[in-house]
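For reference, entry19.cif is printed below; it contains mmCIF, C-alpha atoms.
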data_data
#
loop_
_atom_site.label_atom_id
_atom_site.label_comp_id
_atom_site.auth_asym_id
_atom_site.auth_seq_id
_atom_site.Cartn_x
_atom_site.Cartn_y
_atom_site.Cartn_z
CA ASP A 20 59.05 -1.95 17.99
CA GLN A 21 62.29 -0.50 19.29
CA GLN A 22 65.07 -2.81 18.18
CA VAL A 23 67.87 -0.86 19.85
CA LYS A 24 67.30 0.41 23.37
CA GLN A 25 69.22 2.79 25.55
CA ASN A 26 67.23 2.57 28.73
CA SER A 27 68.93 5.34 30.69
CA PRO A 28 68.25 8.80 29.28
CA SER A 29 71.09 10.42 31.16
CA LEU A 30 74.27 9.81 33.14
CA SER A 31 76.35 12.15 35.24
CA VAL A 32 79.94 11.31 36.28
CA GLN A 33 82.91 13.08 37.76
CA GLU A 34 85.91 13.98 35.67
CA GLY A 35 88.51 11.23 35.76
CA ARG A 36 86.04 8.48 36.63
CA ILE A 37 84.68 5.80 34.32
CA SER A 38 81.53 6.34 32.26
CA ILE A 39 79.59 3.23 31.29
CA LEU A 40 76.88 3.57 28.67
CA ASN A 41 74.63 0.60 28.01
CA CYS A 42 72.66 -0.58 25.01
CA ASP A 43 70.39 -3.56 24.37
CA TYR A 44 69.13 -4.93 21.08
CA THR A 45 66.48 -7.42 20.08
CA ASN A 46 67.22 -8.28 16.46
CA SER A 47 69.46 -11.36 16.18
CA MET A 48 70.36 -10.40 12.63
CA PHE A 49 72.38 -7.38 13.82
CA ASP A 50 76.06 -8.11 13.31
CA TYR A 51 77.70 -4.70 13.49
CA PHE A 52 77.42 -2.16 16.26
CA LEU A 53 78.55 1.45 16.54
CA TRP A 54 78.61 4.30 19.00
CA TYR A 55 78.18 7.90 17.93
CA LYS A 56 78.52 11.10 19.92
CA LYS A 57 76.38 14.12 19.14
CA TYR A 58 76.69 17.75 20.18
CA PRO A 59 73.77 20.16 19.73
CA ALA A 60 73.44 21.57 16.20
CA GLU A 61 75.93 19.05 14.82
CA GLY A 62 75.62 15.68 13.15
CA PRO A 63 76.59 12.48 14.99
CA THR A 64 80.32 11.82 15.17
CA PHE A 65 81.54 8.24 14.88
CA LEU A 66 83.35 6.98 17.99
CA ILE A 67 83.94 3.27 17.86
CA SER A 68 82.47 0.11 16.37
CA ILE A 69 82.49 -3.62 16.93
CA SER A 70 81.71 -6.58 14.75
CA SER A 71 79.73 -9.51 16.13
CA ILE A 72 82.76 -11.76 15.70
CA LYS A 73 84.48 -9.84 18.51
CA ASP A 74 83.55 -9.20 22.12
CA LYS A 75 85.76 -6.19 22.74
CA ASN A 76 87.25 -3.31 20.82
CA GLU A 77 89.43 -0.52 22.17
CA ASP A 78 90.39 2.87 20.84
CA GLY A 79 92.22 5.10 23.27
CA ARG A 80 89.93 6.00 26.16
CA PHE A 81 86.98 4.24 24.54
CA THR A 82 86.22 0.52 24.82
CA VAL A 83 83.13 -1.24 23.53
CA PHE A 84 82.08 -4.62 24.91
CA LEU A 85 79.63 -6.93 23.16
CA ASN A 86 77.73 -9.76 24.84
CA LYS A 87 75.90 -11.53 22.02
CA SER A 88 74.10 -14.03 24.21
CA ALA A 89 72.59 -11.21 26.26
CA LYS A 90 72.16 -8.98 23.19
CA HIS A 91 73.90 -6.24 25.12
CA LEU A 92 76.74 -3.85 24.44
CA SER A 93 78.37 -1.19 26.51
CA LEU A 94 80.72 1.73 25.94
CA HIS A 95 83.34 2.47 28.59
CA ILE A 96 85.06 5.85 28.68
CA VAL A 97 88.12 5.98 30.92
CA PRO A 98 89.02 8.51 32.17
CA SER A 99 85.99 10.70 31.50
CA GLN A 100 86.65 14.31 30.53
CA PRO A 101 84.34 17.36 30.51
CA GLY A 102 84.64 17.44 26.69
CA ASP A 103 82.96 14.03 26.60
CA SER A 104 79.69 15.68 27.67
CA ALA A 105 77.30 15.02 24.79
CA VAL A 106 74.46 12.74 23.71
CA TYR A 107 75.65 9.22 22.87
CA PHE A 108 73.83 7.00 20.41
CA CYS A 109 74.13 3.27 20.07
CA ALA A 110 73.46 1.96 16.55
CA ALA A 111 73.25 -1.47 14.98
CA SER A 112 73.05 -2.90 11.50
CA ALA A 113 72.62 -6.18 9.69
CA ARG A 114 75.04 -5.70 6.83
CA GLY A 115 72.99 -7.03 4.01
CA GLN A 116 73.54 -8.34 0.56
CA GLY A 117 75.19 -5.99 -1.88
CA GLY A 118 76.85 -3.82 0.71
CA SER A 119 73.77 -1.96 1.87
CA GLU A 120 73.71 -0.75 5.46
CA LYS A 121 70.72 0.57 7.37
CA LEU A 122 71.64 1.85 10.83
CA VAL A 123 69.07 1.38 13.59
CA PHE A 124 69.64 3.84 16.41
CA GLY A 125 68.78 3.91 20.08
CA LYS A 126 67.11 7.03 21.48
CA GLY A 127 70.39 8.33 22.89
CA MET A 128 71.76 9.03 26.34
CA LYS A 129 73.00 12.38 27.61
CA LEU A 130 76.35 12.11 29.36
CA THR A 131 77.47 14.94 31.62
CA VAL A 132 81.02 14.91 32.94
CA ASN A 133 81.44 17.29 35.84
CA PRO A 134 84.82 18.98 36.45
CA LYS V 23 89.62 15.89 3.53
CA ALA V 24 86.38 17.85 3.74
CA GLY V 25 83.51 16.30 5.63
CA VAL V 26 79.93 15.72 4.57
CA THR V 27 78.20 18.99 3.74
CA GLN V 28 74.49 19.66 3.74
CA THR V 29 72.57 22.63 2.41
CA PRO V 30 70.68 24.52 3.51
CA ARG V 31 71.31 24.28 7.24
CA TYR V 32 67.94 25.71 8.18
CA LEU V 33 64.66 25.86 6.31
CA ILE V 34 61.15 27.01 7.10
CA LYS V 35 58.27 25.84 4.92
CA THR V 36 54.50 25.82 5.16
CA ARG V 37 52.22 22.82 5.04
CA GLY V 38 51.54 21.53 1.55
CA GLN V 39 54.78 22.83 0.07
CA GLN V 40 57.63 20.68 -1.08
CA VAL V 41 61.30 20.88 -0.15
CA THR V 42 64.60 19.66 -1.56
CA LEU V 43 67.64 19.09 0.62
CA SER V 44 71.16 18.59 -0.69
CA CYS V 45 74.09 16.51 0.52
CA SER V 46 77.68 16.37 -0.71
CA PRO V 47 79.51 13.29 0.56
CA ILE V 48 83.15 12.99 1.54
CA SER V 49 85.31 12.76 -1.57
CA GLY V 50 85.56 9.15 -2.71
CA HIS V 51 82.48 7.99 -0.82
CA ARG V 52 79.88 6.49 -3.12
CA SER V 53 77.27 5.49 -0.54
CA VAL V 54 74.94 8.19 0.79
CA SER V 55 72.24 7.57 3.39
CA TRP V 56 69.56 9.87 4.77
CA TYR V 57 68.12 9.86 8.30
CA GLN V 58 65.39 11.82 10.03
CA GLN V 59 65.77 12.85 13.67
CA THR V 60 62.74 13.90 15.72
CA PRO V 61 62.31 14.16 19.50
CA GLY V 62 59.64 11.44 19.49
CA GLN V 63 61.03 8.87 17.07
CA GLY V 64 64.74 9.52 17.36
CA LEU V 65 67.02 8.82 14.41
CA GLN V 66 65.30 6.87 11.65
CA PHE V 67 66.68 5.60 8.37
CA LEU V 68 65.10 7.04 5.24
CA PHE V 69 67.06 5.56 2.33
CA GLU V 70 70.49 4.75 0.97
CA TYR V 71 71.92 5.44 -2.46
CA PHE V 72 74.93 3.91 -4.13
CA SER V 73 76.10 4.63 -7.66
CA GLU V 74 72.90 6.53 -8.41
CA THR V 75 70.69 3.59 -7.33
CA GLN V 76 68.52 3.34 -4.25
CA ARG V 77 69.53 0.11 -2.57
CA ASN V 78 67.71 0.34 0.76
CA LYS V 79 64.66 2.14 2.03
CA GLY V 80 63.12 2.78 5.43
CA ASN V 81 59.46 2.91 6.46
CA PHE V 82 58.51 6.34 5.23
CA PRO V 83 55.64 7.34 2.93
CA GLY V 84 56.18 7.92 -0.76
CA ARG V 85 56.23 11.68 -0.16
CA PHE V 86 59.86 11.16 0.79
CA SER V 87 62.10 10.52 -2.19
CA GLY V 88 65.70 10.93 -3.13
CA ARG V 89 68.22 10.63 -5.85
CA GLN V 90 71.95 10.49 -6.37
CA PHE V 91 73.99 12.04 -9.12
CA SER V 92 77.02 10.67 -10.94
CA ASN V 93 79.35 12.70 -8.68
CA SER V 94 77.74 10.96 -5.64
CA ARG V 95 75.99 14.12 -4.47
CA SER V 96 72.50 13.36 -3.26
CA GLU V 97 69.22 15.18 -2.84
CA MET V 98 66.13 14.26 -0.91
CA ASN V 99 62.71 15.67 -1.61
CA VAL V 100 59.66 15.83 0.59
CA SER V 101 56.40 16.70 -1.13
CA THR V 102 53.15 17.90 0.42
CA LEU V 103 54.80 18.81 3.69
CA GLU V 104 53.05 18.02 6.97
CA LEU V 105 53.68 19.49 10.41
CA GLY V 106 55.12 16.14 11.49
CA ASP V 107 57.87 16.43 8.89
CA SER V 108 59.57 19.04 11.05
CA ALA V 109 62.86 17.41 11.94
CA LEU V 110 66.61 17.40 11.58
CA TYR V 111 67.51 15.63 8.35
CA LEU V 112 70.93 14.05 8.37
CA CYS V 113 72.98 12.77 5.51
CA ALA V 114 75.79 10.25 5.95
CA SER V 115 78.40 8.97 3.53
CA ARG V 116 80.45 5.82 3.59
CA TYR V 117 83.42 4.31 1.77
CA GLU V 118 82.74 0.64 1.11
CA TRP V 119 82.48 -1.14 4.50
CA ASP V 120 83.74 1.75 6.60
CA GLU V 121 81.56 3.55 9.10
CA GLN V 122 78.98 6.13 8.11
CA TYR V 123 80.11 9.74 8.56
CA PHE V 124 77.40 12.29 9.14
CA GLY V 125 76.94 15.85 7.99
CA PRO V 126 75.68 18.66 10.26
CA GLY V 127 72.08 18.21 9.13
CA THR V 128 69.32 20.42 7.77
CA ARG V 129 66.81 21.68 10.32
CA LEU V 130 63.40 21.74 8.61
CA THR V 131 60.50 23.52 10.27
CA VAL V 132 57.03 23.15 8.80
CA THR V 133 54.45 25.74 9.88
#

Rendering of file as structure tokens:
Amino acid sequence: DQQVKQNSPSLSVQEGRISILNCDYTNSMFDYFLWYKKYPAEGPTFLISISSIKDKNEDGRFTVFLNKSAKHLSLHIVPSQPGDSAVYFCAASARGQGGSEKLVFGKGMKLTVNP
Amino acid sequence: KAGVTQTPRYLIKTRGQQVTLSCSPISGHRSVSWYQQTPGQGLQFLFEYFSETQRNKGNFPGRFSGRQFSNSRSEMNVSTLELGDSALYLCASRYEWDEQYFGPGTRLTVT
């Protein structure tokens, strides 16, 4: 039972254009969402997060949108740069009692930004 | 501030053996979580430790265990290794309600 889904395995965009990465979730208890970027042979690097009390969060070129009713979030990268080429993971958690956090990840999507 | 470090980076073991992986969190971070990444299952949560206590656990068999020391460093152990345990094992640390920051991982190959 895949609770976090990234349905597109890959995306290719031109440098300078917008990259839109999508993510769907099924568990209504999820209240915190994150995006991580991963290069080969490295651990995931945190990009941006959003709490379920918000519908948008921005950090520089990165914006995350959350649509709770559709159980959908998306990451917008504007403008896209060749250095953004990596695998992007969507993750979600239901921040539980006592401060514990178990991240549930999507399968990832490979973004390629062409010069 | 130094990031999360994991040792060793690469490991080759044979079926039936056991293995211990080590993780040093970012200074000041008391929460340490472990994840397994495989091509088929993706990134899956193993367990989380805080102040030397396991406070969350994923759906993995009892062969997978861990512990945390008073300096927040953590180890995970896998006993009776199986071929399917070949994976990238990632450690992440967190300060209170901040995001989890990952180490580079340990690539375990079981032959």

Considering all atoms listed in the file, extract the chain V residues located within 7 Å of chain A and return them as a list in words.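 In the required form, that comes to Gly64, Leu65, Gln66, Phe67, Arg77, Asn78, Leu112, Tyr123, Phe124, Gly125, Pro126 and Gly127 of chain V.
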
Hey, which of V:Val26, V:Leu110, V:Leu103, V:Leu130 ends up closest to Gln40 in chain V? Count only C-alpha atoms. V:Leu103

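Going from CA of Thr60 in chain V over to CA of Lys87 in chain A, you cover 29.3 Å.
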
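Nearest residue to Ser49 in chain V, choosing from V:Val132, V:Met98, V:Cys113, V:Ala24 and counting only C-alpha atoms: V:Ala24.
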
Here CA of His95 in chain A and CA of Asn41 in chain A stand apart by 8.9 Å

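Take the PyMOL selection byres ((chain A and resi 106) around 8) and apply it to this file: it picks Lys56, Lys57, Tyr58, Ser104, Ala105, Tyr107, Phe108, Gly127, Met128, Lys129 and Leu130 of chain A.
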
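When you apply the PyMOL selection byres ((chain V and resi 92) around 12) to this structure, what comes back is Ser46, Gly50, His51, Arg52, Ser53, Tyr71, Phe72, Ser73, Glu74, Thr75, Arg89, Gln90, Phe91, Asn93, Ser94, Arg95 and Ser96 of chain V.
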
Restricting it to C-alpha atoms, dump the selection as a short mmCIF file (atom, residue, chain, number, x, y, z; two decimals), in the frame of the given file.
data_model
loop_
_atom_site.label_atom_id
_atom_site.label_comp_id
_atom_site.auth_asym_id
_atom_site.auth_seq_id
_atom_site.Cartn_x
_atom_site.Cartn_y
_atom_site.Cartn_z
CA SER V 46 77.68 16.37 -0.71
CA GLY V 50 85.56 9.15 -2.71
CA HIS V 51 82.48 7.99 -0.82
CA ARG V 52 79.88 6.49 -3.12
CA SER V 53 77.27 5.49 -0.54
CA TYR V 71 71.92 5.44 -2.46
CA PHE V 72 74.93 3.91 -4.13
CA SER V 73 76.10 4.63 -7.66
CA GLU V 74 72.90 6.53 -8.41
CA THR V 75 70.69 3.59 -7.33
CA ARG V 89 68.22 10.63 -5.85
CA GLN V 90 71.95 10.49 -6.37
CA PHE V 91 73.99 12.04 -9.12
CA ASN V 93 79.35 12.70 -8.68
CA SER V 94 77.74 10.96 -5.64
CA ARG V 95 75.99 14.12 -4.47
CA SER V 96 72.50 13.36 -3.26
#

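Nearest-residue note for Glu118 in chain V: choosing from V:Val100, V:Val54, V:Leu105, V:Arg85, the minimum distance belongs to V:Val54, counting only C-alpha atoms.
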
Please determine, counting all atoms listed in the file, which residue among V:Lys79, V:Ala109, V:Tyr57, V:Thr133 has the shortest atom-to-atom distance to Tyr32 in chain V.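 For Tyr32 in chain V, the nearest of the candidates is V:Ala109.
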
Written as a PDB file with C-alpha atoms, in the frame of the given file, which residues does the PyMOL selection byres ((chain V and resi 29) around 10) give for the file shown?
ATOM      1  CA  THR V  27      78.200  18.990   3.740  1.00  0.00           C
ATOM      2  CA  GLN V  28      74.490  19.660   3.740  1.00  0.00           C
ATOM      3  CA  PRO V  30      70.680  24.520   3.510  1.00  0.00           C
ATOM      4  CA  ARG V  31      71.310  24.280   7.240  1.00  0.00           C
ATOM      5  CA  TYR V  32      67.940  25.710   8.180  1.00  0.00           C
ATOM      6  CA  LEU V  33      64.660  25.860   6.310  1.00  0.00           C
ATOM      7  CA  THR V  42      64.600  19.660  -1.560  1.00  0.00           C
ATOM      8  CA  LEU V  43      67.640  19.090   0.620  1.00  0.00           C
ATOM      9  CA  SER V  44      71.160  18.590  -0.690  1.00  0.00           C
ATOM     10  CA  CYS V  45      74.090  16.510   0.520  1.00  0.00           C
ATOM     11  CA  SER V  46      77.680  16.370  -0.710  1.00  0.00           C
ATOM     12  CA  GLU V  97      69.220  15.180  -2.840  1.00  0.00           C
ATOM     13  CA  GLY V 125      76.940  15.850   7.990  1.00  0.00           C
ATOM     14  CA  PRO V 126      75.680  18.660  10.260  1.00  0.00           C
ATOM     15  CA  GLY V 127      72.080  18.210   9.130  1.00  0.00           C
ATOM     16  CA  THR V 128      69.320  20.420   7.770  1.00  0.00           C
ATOM     17  CA  ARG V 129      66.810  21.680  10.320  1.00  0.00           C
TER      18      ARG V 129
END

Just give me the gap between CA of Asp103 in chain A and CA of Gln22 in chain A in Å, one decimal is fine.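 Between CA of Asp103 in chain A and CA of Gln22 in chain A the gap works out to 26.0 Å.
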
Residues at most 12 Å from Val32 in chain A, counting only C-alpha atoms, excluding those fewer than 3 positions away in the same chain, as a ChimeraX atom specification? /A:29,35-40,96-101,103-104,129-134
